[in-house]
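All remarks here apply to the structure that follows.
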Amino acid sequence: MMFTEDDLLPISALQHLTFCERQWGLIHLEGAWQDNVLTVEGTQLHDRAHDPDTETEVRGNVRTARGLRLRSLQLGLTGMADVVEFHAASELEAGIQLEGAPGLWQPFIVEYKRGHPKIGREDEVQLCAQALCLEEMLGVSILSSAFFYGEPRRRSDVVLDQGLRQETEALVARLHELTRAGATPPAQYAKKCNSCSLVDLCLPRATGGQRSAQRYLARAIADVVDPAPIDAGSTTSIGAEATP
Ligand code: SF4
């Protein structure tokens, strides 16, 4: 099945979806967005990568394009690559022809990210989705790509292996499924909520199911009644019932 232009979803949604399905729903279905330090710094790095004064560049055996639009009708995705380098391909490597440049050239995506590599796979999935789009557009396999992290400022290569490709395709299918359903998934409080830019909007302790809501209410009531530390044995009956 091929998607139409009207069905295309943003590649950036995959990053939110991988991190948390509720975060994806709040941002992409409900239009919520709250900048925290992480997202602001990330945006600044992207702005530098998309500098319009340096859209193409040639340095030795590497040709660089910035801010390249991406699209896949097979996956139903659209987006933009910060930087795509074209490396002179060896005799054994596949590549594409570039106008005015003899030989074949292998595409290599470089995605700019703030901070350190994440523990989760959200960055790798987003990068792989970009590569899958570019492969469809250019008709060539892309073996690897890279992140440029802001801190420390260094490049980190990612092999686009079969496992990462399958994981990405499964998430893309889930993205279309949730978009068709059109409902924001419920909250599930977890450690990652502490670094989530939408935590104050989401209130995961208050909205993450009946038991979480009961615990949240019990704590809020206890704080009002007695701001001093609460002994578990003296909490209200709501809290006692809600404790697992
Ligand atoms: S606060 Fe937690 S549950 Fe809510 S959107 Fe963020 S990560 Fe998801």
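By order in the structure tokens, chains are A, B, ...; within a chain, residues start at 1; ligands start at 1, following the order shown.
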Which residues of chain A come within 7 Å of ligand 1, and what is each one's closest atom pair and distance in Å (one decimal), counting only C-alpha atoms and all ligand atoms, sorted by chain and residue number, as CSV?
residue,atom,partner,partner_atom_place_in_ligand_line,distance
A:Phe19,CA,ligand 1,7 (S),6.9
A:Cys20,CA,ligand 1,8 (Fe),4.8
A:Glu21,CA,ligand 1,8 (Fe),6.7
A:Arg22,CA,ligand 1,5 (S),4.8
A:Gln23,CA,ligand 1,5 (S),3.7
A:Ala187,CA,ligand 1,3 (S),4.1
A:Gln188,CA,ligand 1,3 (S),4.8
A:Tyr189,CA,ligand 1,3 (S),5.2
A:Ala190,CA,ligand 1,2 (Fe),6.2
A:Lys192,CA,ligand 1,7 (S),5.6
A:Cys193,CA,ligand 1,2 (Fe),3.7
A:Cys196,CA,ligand 1,6 (Fe),4.6
A:Ser197,CA,ligand 1,6 (Fe),6.7
A:Leu198,CA,ligand 1,6 (Fe),5.3
A:Val199,CA,ligand 1,1 (S),3.8
A:Cys202,CA,ligand 1,4 (Fe),4.7
A:Leu203,CA,ligand 1,1 (S),6.2
A:Pro204,CA,ligand 1,4 (Fe),5.0
Requested in this report: From the DSSP assignment of the backbone, select every residue of range 46-227 of chain A that is helix (DSSP H, G or I), and format the answer as an MDAnalysis selection string.
Outcome: chainID A and resid 46:49 52:54 122:138 162:181 191:195 199:202 204:207 209:225
Can I get the selection written as a PDB file, in the first residue's frame, with C-alpha atoms?
ATOM      1  CA  HIS A  46      18.946  22.518  14.379  1.00  0.00           C
ATOM      2  CA  ASP A  47      18.807  26.197  13.397  1.00  0.00           C
ATOM      3  CA  ARG A  48      22.574  26.226  12.982  1.00  0.00           C
ATOM      4  CA  ALA A  49      22.474  23.050  10.865  1.00  0.00           C
ATOM      5  CA  PRO A  52      20.597  29.049   4.615  1.00  0.00           C
ATOM      6  CA  ASP A  53      23.978  30.618   3.833  1.00  0.00           C
ATOM      7  CA  THR A  54      25.632  27.201   3.744  1.00  0.00           C
ATOM      8  CA  GLU A 122      14.271   7.451  19.965  1.00  0.00           C
ATOM      9  CA  ASP A 123      17.186   9.189  18.213  1.00  0.00           C
ATOM     10  CA  GLU A 124      18.257   6.079  16.276  1.00  0.00           C
ATOM     11  CA  VAL A 125      14.684   5.428  15.122  1.00  0.00           C
ATOM     12  CA  GLN A 126      14.319   8.992  13.843  1.00  0.00           C
ATOM     13  CA  LEU A 127      17.644   8.779  11.999  1.00  0.00           C
ATOM     14  CA  CYS A 128      16.725   5.416  10.489  1.00  0.00           C
ATOM     15  CA  ALA A 129      13.359   6.806   9.304  1.00  0.00           C
ATOM     16  CA  GLN A 130      15.197   9.651   7.566  1.00  0.00           C
ATOM     17  CA  ALA A 131      17.481   7.120   5.884  1.00  0.00           C
ATOM     18  CA  LEU A 132      14.524   4.984   4.748  1.00  0.00           C
ATOM     19  CA  CYS A 133      12.939   8.075   3.168  1.00  0.00           C
ATOM     20  CA  LEU A 134      16.180   9.027   1.418  1.00  0.00           C
ATOM     21  CA  GLU A 135      16.688   5.464   0.172  1.00  0.00           C
ATOM     22  CA  GLU A 136      13.234   5.552  -1.434  1.00  0.00           C
ATOM     23  CA  MET A 137      13.881   8.990  -2.971  1.00  0.00           C
ATOM     24  CA  LEU A 138      17.325   8.152  -4.361  1.00  0.00           C
ATOM     25  CA  GLN A 162      18.116  -4.934   9.922  1.00  0.00           C
ATOM     26  CA  GLY A 163      17.038  -4.817  13.563  1.00  0.00           C
ATOM     27  CA  LEU A 164      16.888  -1.004  13.618  1.00  0.00           C
ATOM     28  CA  ARG A 165      15.047  -0.939  10.288  1.00  0.00           C
ATOM     29  CA  GLN A 166      12.398  -3.402  11.525  1.00  0.00           C
ATOM     30  CA  GLU A 167      11.973  -1.510  14.788  1.00  0.00           C
ATOM     31  CA  THR A 168      11.531   1.747  12.872  1.00  0.00           C
ATOM     32  CA  GLU A 169       9.003   0.278  10.449  1.00  0.00           C
ATOM     33  CA  ALA A 170       6.979  -1.161  13.346  1.00  0.00           C
ATOM     34  CA  LEU A 171       6.911   2.249  15.034  1.00  0.00           C
ATOM     35  CA  VAL A 172       5.843   3.925  11.801  1.00  0.00           C
ATOM     36  CA  ALA A 173       2.945   1.447  11.576  1.00  0.00           C
ATOM     37  CA  ARG A 174       2.018   2.250  15.190  1.00  0.00           C
ATOM     38  CA  LEU A 175       2.216   5.980  14.412  1.00  0.00           C
ATOM     39  CA  HIS A 176      -0.347   5.640  11.608  1.00  0.00           C
ATOM     40  CA  GLU A 177      -2.528   3.380  13.774  1.00  0.00           C
ATOM     41  CA  LEU A 178      -2.625   5.884  16.660  1.00  0.00           C
ATOM     42  CA  THR A 179      -3.188   8.779  14.262  1.00  0.00           C
ATOM     43  CA  ARG A 180      -6.189   6.998  12.734  1.00  0.00           C
ATOM     44  CA  ALA A 181      -7.552   6.287  16.246  1.00  0.00           C
ATOM     45  CA  LYS A 191      11.158   7.741  35.677  1.00  0.00           C
ATOM     46  CA  LYS A 192      11.343   9.385  32.239  1.00  0.00           C
ATOM     47  CA  CYS A 193       8.468  11.722  33.242  1.00  0.00           C
ATOM     48  CA  ASN A 194      11.014  13.752  35.245  1.00  0.00           C
ATOM     49  CA  SER A 195      12.761  14.855  32.031  1.00  0.00           C
ATOM     50  CA  VAL A 199       5.126  16.841  32.690  1.00  0.00           C
ATOM     51  CA  ASP A 200       3.292  19.892  34.095  1.00  0.00           C
ATOM     52  CA  LEU A 201       0.624  19.599  31.436  1.00  0.00           C
ATOM     53  CA  CYS A 202       0.339  15.810  31.559  1.00  0.00           C
ATOM     54  CA  PRO A 204       1.101  11.706  35.051  1.00  0.00           C
ATOM     55  CA  ARG A 205       0.629  11.001  38.777  1.00  0.00           C
ATOM     56  CA  ALA A 206      -2.844  12.532  38.672  1.00  0.00           C
ATOM     57  CA  THR A 207      -4.013  11.195  35.324  1.00  0.00           C
ATOM     58  CA  GLY A 209      -5.272   5.620  35.776  1.00  0.00           C
ATOM     59  CA  GLN A 210      -7.553   5.392  38.807  1.00  0.00           C
ATOM     60  CA  ARG A 211      -4.967   4.123  41.305  1.00  0.00           C
ATOM     61  CA  SER A 212      -2.402   6.811  40.347  1.00  0.00           C
ATOM     62  CA  ALA A 213      -5.093   9.472  40.612  1.00  0.00           C
ATOM     63  CA  GLN A 214      -6.076   8.187  44.058  1.00  0.00           C
ATOM     64  CA  ARG A 215      -2.472   8.259  45.282  1.00  0.00           C
ATOM     65  CA  TYR A 216      -2.022  11.773  43.841  1.00  0.00           C
ATOM     66  CA  LEU A 217      -5.202  13.021  45.556  1.00  0.00           C
ATOM     67  CA  ALA A 218      -4.252  11.386  48.848  1.00  0.00           C
ATOM     68  CA  ARG A 219      -0.861  13.116  48.788  1.00  0.00           C
ATOM     69  CA  ALA A 220      -2.381  16.464  47.839  1.00  0.00           C
ATOM     70  CA  ILE A 221      -4.969  16.198  50.661  1.00  0.00           C
ATOM     71  CA  ALA A 222      -2.299  15.133  53.158  1.00  0.00           C
ATOM     72  CA  ASP A 223      -0.133  18.140  52.197  1.00  0.00           C
ATOM     73  CA  VAL A 224      -3.007  20.519  52.846  1.00  0.00           C
ATOM     74  CA  VAL A 225      -3.993  18.924  56.171  1.00  0.00           C
TER      75      VAL A 225
END
Please provide as a PyMOL selection string all residues within 7 Å of range 61-75 of chain A, with the sequence filter that same-chain residues fewer than 4 positions apart are discarded (counting only C-alpha atoms).
chain A and resi 1-4+49-50+55-57+79-88+130+133-134+136+172
May I have the selected residues written with N, CA and C atoms, as a PDB file, in the first residue's frame?
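Dumped everything to result-v2.pdb:
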ATOM      1  N   MET A   1       0.846  -1.198   0.000  1.00  0.00           N
ATOM      2  CA  MET A   1       0.000   0.000   0.000  1.00  0.00           C
ATOM      3  C   MET A   1       0.883   1.250   0.000  1.00  0.00           C
ATOM      4  N   MET A   2       0.512   2.203  -0.829  1.00  0.00           N
ATOM      5  CA  MET A   2       1.256   3.469  -0.857  1.00  0.00           C
ATOM      6  C   MET A   2       0.390   4.570  -0.244  1.00  0.00           C
ATOM      7  N   PHE A   3       1.005   5.448   0.507  1.00  0.00           N
ATOM      8  CA  PHE A   3       0.281   6.585   1.083  1.00  0.00           C
ATOM      9  C   PHE A   3       0.197   7.714   0.061  1.00  0.00           C
ATOM     10  N   THR A   4      -0.721   8.629   0.288  1.00  0.00           N
ATOM     11  CA  THR A   4      -0.795   9.823  -0.557  1.00  0.00           C
ATOM     12  C   THR A   4      -0.118  10.983   0.181  1.00  0.00           C
ATOM     13  N   ALA A  49      22.282  24.032  11.942  1.00  0.00           N
ATOM     14  CA  ALA A  49      22.474  23.050  10.865  1.00  0.00           C
ATOM     15  C   ALA A  49      21.744  23.489   9.601  1.00  0.00           C
ATOM     16  N   HIS A  50      20.624  24.237   9.763  1.00  0.00           N
ATOM     17  CA  HIS A  50      19.837  24.675   8.606  1.00  0.00           C
ATOM     18  C   HIS A  50      20.194  26.081   8.180  1.00  0.00           C
ATOM     19  N   GLU A  55      23.973  26.128   2.338  1.00  0.00           N
ATOM     20  CA  GLU A  55      23.100  25.010   1.974  1.00  0.00           C
ATOM     21  C   GLU A  55      23.833  23.881   1.259  1.00  0.00           C
ATOM     22  N   THR A  56      24.824  24.198   0.462  1.00  0.00           N
ATOM     23  CA  THR A  56      25.630  23.142  -0.155  1.00  0.00           C
ATOM     24  C   THR A  56      27.100  23.498   0.002  1.00  0.00           C
ATOM     25  N   GLU A  57      27.918  22.479   0.009  1.00  0.00           N
ATOM     26  CA  GLU A  57      29.338  22.704   0.277  1.00  0.00           C
ATOM     27  C   GLU A  57      30.115  21.543  -0.348  1.00  0.00           C
ATOM     28  N   GLY A  79       9.702  14.918   6.220  1.00  0.00           N
ATOM     29  CA  GLY A  79      10.559  15.602   7.185  1.00  0.00           C
ATOM     30  C   GLY A  79      11.708  16.293   6.504  1.00  0.00           C
ATOM     31  N   MET A  80      12.735  16.552   7.287  1.00  0.00           N
ATOM     32  CA  MET A  80      13.899  17.249   6.756  1.00  0.00           C
ATOM     33  C   MET A  80      15.159  16.697   7.414  1.00  0.00           C
ATOM     34  N   ALA A  81      16.205  16.519   6.611  1.00  0.00           N
ATOM     35  CA  ALA A  81      17.489  16.079   7.167  1.00  0.00           C
ATOM     36  C   ALA A  81      18.338  17.310   7.445  1.00  0.00           C
ATOM     37  N   ASP A  82      18.925  17.375   8.620  1.00  0.00           N
ATOM     38  CA  ASP A  82      19.805  18.504   8.938  1.00  0.00           C
ATOM     39  C   ASP A  82      20.897  18.619   7.886  1.00  0.00           C
ATOM     40  N   VAL A  83      21.637  17.524   7.725  1.00  0.00           N
ATOM     41  CA  VAL A  83      22.779  17.509   6.807  1.00  0.00           C
ATOM     42  C   VAL A  83      22.819  16.152   6.105  1.00  0.00           C
ATOM     43  N   VAL A  84      22.991  16.163   4.784  1.00  0.00           N
ATOM     44  CA  VAL A  84      23.269  14.918   4.058  1.00  0.00           C
ATOM     45  C   VAL A  84      24.617  15.091   3.352  1.00  0.00           C
ATOM     46  N   GLU A  85      25.554  14.254   3.733  1.00  0.00           N
ATOM     47  CA  GLU A  85      26.853  14.258   3.064  1.00  0.00           C
ATOM     48  C   GLU A  85      26.819  13.207   1.961  1.00  0.00           C
ATOM     49  N   PHE A  86      27.481  13.460   0.881  1.00  0.00           N
ATOM     50  CA  PHE A  86      27.651  12.467  -0.183  1.00  0.00           C
ATOM     51  C   PHE A  86      29.139  12.150  -0.251  1.00  0.00           C
ATOM     52  N   HIS A  87      29.473  10.917   0.132  1.00  0.00           N
ATOM     53  CA  HIS A  87      30.870  10.483   0.159  1.00  0.00           C
ATOM     54  C   HIS A  87      31.192   9.756  -1.144  1.00  0.00           C
ATOM     55  N   ALA A  88      32.368  10.000  -1.691  1.00  0.00           N
ATOM     56  CA  ALA A  88      32.790   9.285  -2.897  1.00  0.00           C
ATOM     57  C   ALA A  88      32.765   7.788  -2.603  1.00  0.00           C
ATOM     58  N   GLN A 130      14.673   8.715   8.577  1.00  0.00           N
ATOM     59  CA  GLN A 130      15.197   9.651   7.566  1.00  0.00           C
ATOM     60  C   GLN A 130      15.915   8.889   6.458  1.00  0.00           C
ATOM     61  N   CYS A 133      13.530   7.109   4.112  1.00  0.00           N
ATOM     62  CA  CYS A 133      12.939   8.075   3.168  1.00  0.00           C
ATOM     63  C   CYS A 133      13.932   8.385   2.042  1.00  0.00           C
ATOM     64  N   LEU A 134      15.170   8.654   2.427  1.00  0.00           N
ATOM     65  CA  LEU A 134      16.180   9.027   1.418  1.00  0.00           C
ATOM     66  C   LEU A 134      16.482   7.864   0.478  1.00  0.00           C
ATOM     67  N   GLU A 136      14.348   5.608  -0.468  1.00  0.00           N
ATOM     68  CA  GLU A 136      13.234   5.552  -1.434  1.00  0.00           C
ATOM     69  C   GLU A 136      13.363   6.668  -2.477  1.00  0.00           C
ATOM     70  N   VAL A 172       6.559   3.132  12.809  1.00  0.00           N
ATOM     71  CA  VAL A 172       5.843   3.925  11.801  1.00  0.00           C
ATOM     72  C   VAL A 172       4.412   3.382  11.665  1.00  0.00           C
TER      73      VAL A 172
END
Atom pair CA of Gly150 in chain A + CA of Lys113 in chain A, distance 6.1 Å
If we count only C-alpha atoms, what is near Ala146 in chain A at a cut-off of 6 Å, once residues fewer than 2 positions away on the same chain are taken out, given as an NGL selection string?
-> :A and (110 or 156-158)
Could the residues in this selection be saved with N, CA and C atoms as a PDB file, in the first residue's frame?
ATOM      1  N   VAL A 110      23.648  13.262   8.625  1.00  0.00           N
ATOM      2  CA  VAL A 110      24.154  13.701   9.935  1.00  0.00           C
ATOM      3  C   VAL A 110      23.039  14.507  10.603  1.00  0.00           C
ATOM      4  N   SER A 156      28.878  10.672  16.182  1.00  0.00           N
ATOM      5  CA  SER A 156      28.723   9.284  16.599  1.00  0.00           C
ATOM      6  C   SER A 156      28.000   8.524  15.487  1.00  0.00           C
ATOM      7  N   ASP A 157      28.684   7.542  14.909  1.00  0.00           N
ATOM      8  CA  ASP A 157      28.109   6.803  13.776  1.00  0.00           C
ATOM      9  C   ASP A 157      27.059   5.786  14.227  1.00  0.00           C
ATOM     10  N   VAL A 158      26.067   5.544  13.383  1.00  0.00           N
ATOM     11  CA  VAL A 158      25.013   4.555  13.657  1.00  0.00           C
ATOM     12  C   VAL A 158      24.905   3.627  12.450  1.00  0.00           C
TER      13      VAL A 158
END
Practice prompt. Could you please determine the separation between CA of Gly139 in chain A and CA of Gln106 in chain A in Å, to one decimal place?
Written response: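 Spanning CA of Gly139 in chain A to CA of Gln106 in chain A is a straight-line distance of 11.2 Å.
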Next item on the list: Tell me, in Å to one decimal, how far CA of Ile96 in chain A is from CA of Phe108 in chain A.
Entry: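 That distance, rounded to one decimal, is 11.9 Å.
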Could you find all residues in range 85-200 of chain A that DSSP calls strand (DSSP E or B) from the backbone, and write them as a PyMOL selection string?
chain A and resi 85-88+96-98+101-113+144-150+153-159
Keeping only N, CA and C atoms, write those residues as a tab-separated table (two decimals), in the first residue's frame.
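Wrote out_34.tsv, looks like this:
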chain	number	residue	atom	x	y	z
A	85	GLU	N	25.55	14.25	3.73
A	85	GLU	CA	26.85	14.26	3.06
A	85	GLU	C	26.82	13.21	1.96
A	86	PHE	N	27.48	13.46	0.88
A	86	PHE	CA	27.65	12.47	-0.18
A	86	PHE	C	29.14	12.15	-0.25
A	87	HIS	N	29.47	10.92	0.13
A	87	HIS	CA	30.87	10.48	0.16
A	87	HIS	C	31.19	9.76	-1.14
A	88	ALA	N	32.37	10.00	-1.69
A	88	ALA	CA	32.79	9.28	-2.90
A	88	ALA	C	32.77	7.79	-2.60
A	96	ILE	N	25.00	6.94	-5.94
A	96	ILE	CA	24.22	7.63	-6.97
A	96	ILE	C	25.12	8.60	-7.71
A	97	GLN	N	24.67	9.02	-8.88
A	97	GLN	CA	25.41	10.01	-9.65
A	97	GLN	C	24.98	11.40	-9.22
A	98	LEU	N	25.94	12.31	-9.13
A	98	LEU	CA	25.64	13.71	-8.82
A	98	LEU	C	26.05	14.56	-10.01
A	101	ALA	N	29.75	15.89	-10.96
A	101	ALA	CA	30.74	15.21	-10.13
A	101	ALA	C	30.89	13.78	-10.63
A	102	PRO	N	32.05	13.43	-11.19
A	102	PRO	CA	32.22	12.07	-11.72
A	102	PRO	C	32.18	11.01	-10.62
A	103	GLY	N	31.86	9.77	-11.03
A	103	GLY	CA	31.84	8.66	-10.08
A	103	GLY	C	30.50	8.53	-9.37
A	104	LEU	N	30.49	7.63	-8.37
A	104	LEU	CA	29.26	7.41	-7.59
A	104	LEU	C	29.45	7.94	-6.17
A	105	TRP	N	28.34	8.32	-5.56
A	105	TRP	CA	28.38	8.97	-4.25
A	105	TRP	C	27.41	8.27	-3.30
A	106	GLN	N	27.87	7.97	-2.11
A	106	GLN	CA	27.06	7.28	-1.10
A	106	GLN	C	26.52	8.32	-0.12
A	107	PRO	N	25.16	8.39	0.04
A	107	PRO	CA	24.59	9.36	1.00
A	107	PRO	C	24.87	8.96	2.45
A	108	PHE	N	25.03	9.95	3.30
A	108	PHE	CA	25.34	9.75	4.72
A	108	PHE	C	24.69	10.91	5.48
A	109	ILE	N	23.65	10.58	6.29
A	109	ILE	CA	22.90	11.62	7.00
A	109	ILE	C	23.60	11.97	8.31
A	110	VAL	N	23.65	13.26	8.62
A	110	VAL	CA	24.15	13.70	9.94
A	110	VAL	C	23.04	14.51	10.60
A	111	GLU	N	22.57	14.01	11.75
A	111	GLU	CA	21.49	14.65	12.49
A	111	GLU	C	22.06	15.32	13.72
A	112	TYR	N	21.70	16.58	13.94
A	112	TYR	CA	22.23	17.34	15.06
A	112	TYR	C	21.35	17.15	16.29
A	113	LYS	N	22.00	16.84	17.42
A	113	LYS	CA	21.28	16.65	18.69
A	113	LYS	C	22.03	17.37	19.81
A	144	SER	N	25.06	3.46	6.74
A	144	SER	CA	25.20	4.06	8.07
A	144	SER	C	24.97	5.56	7.99
A	145	SER	N	24.78	6.17	9.15
A	145	SER	CA	24.62	7.62	9.25
A	145	SER	C	25.18	8.03	10.60
A	146	ALA	N	24.92	9.28	11.03
A	146	ALA	CA	25.57	9.70	12.28
A	146	ALA	C	24.77	10.79	12.97
A	147	PHE	N	25.04	10.95	14.27
A	147	PHE	CA	24.56	12.09	15.04
A	147	PHE	C	25.74	13.01	15.29
A	148	PHE	N	25.45	14.30	15.38
A	148	PHE	CA	26.45	15.23	15.91
A	148	PHE	C	25.87	15.75	17.21
A	149	TYR	N	26.48	15.34	18.33
A	149	TYR	CA	25.98	15.74	19.63
A	149	TYR	C	26.61	17.07	20.06
A	150	GLY	N	25.80	17.88	20.73
A	150	GLY	CA	26.27	19.21	21.13
A	150	GLY	C	27.24	19.18	22.29
A	153	ARG	N	30.98	18.01	21.84
A	153	ARG	CA	30.76	18.23	20.42
A	153	ARG	C	31.51	17.15	19.63
A	154	ARG	N	30.78	16.10	19.30
A	154	ARG	CA	31.42	15.02	18.54
A	154	ARG	C	30.39	14.25	17.73
A	155	ARG	N	30.92	13.52	16.77
A	155	ARG	CA	30.08	12.75	15.87
A	155	ARG	C	30.03	11.30	16.33
A	156	SER	N	28.88	10.67	16.18
A	156	SER	CA	28.72	9.28	16.60
A	156	SER	C	28.00	8.52	15.49
A	157	ASP	N	28.68	7.54	14.91
A	157	ASP	CA	28.11	6.80	13.78
A	157	ASP	C	27.06	5.79	14.23
A	158	VAL	N	26.07	5.54	13.38
A	158	VAL	CA	25.01	4.56	13.66
A	158	VAL	C	24.90	3.63	12.45
A	159	VAL	N	25.04	2.32	12.68
A	159	VAL	CA	24.87	1.35	11.60
A	159	VAL	C	23.37	1.11	11.43
Query raised in the report: Excluding same-chain residues fewer than 2 positions from Leu8 in chain A, what lies within 7 Å of it counting only C-alpha atoms, as a list in words?
Result: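 The neighbour list is Thr4, Glu5, Asp6, Pro10, Gly76, Leu77 and Thr78 of chain A.
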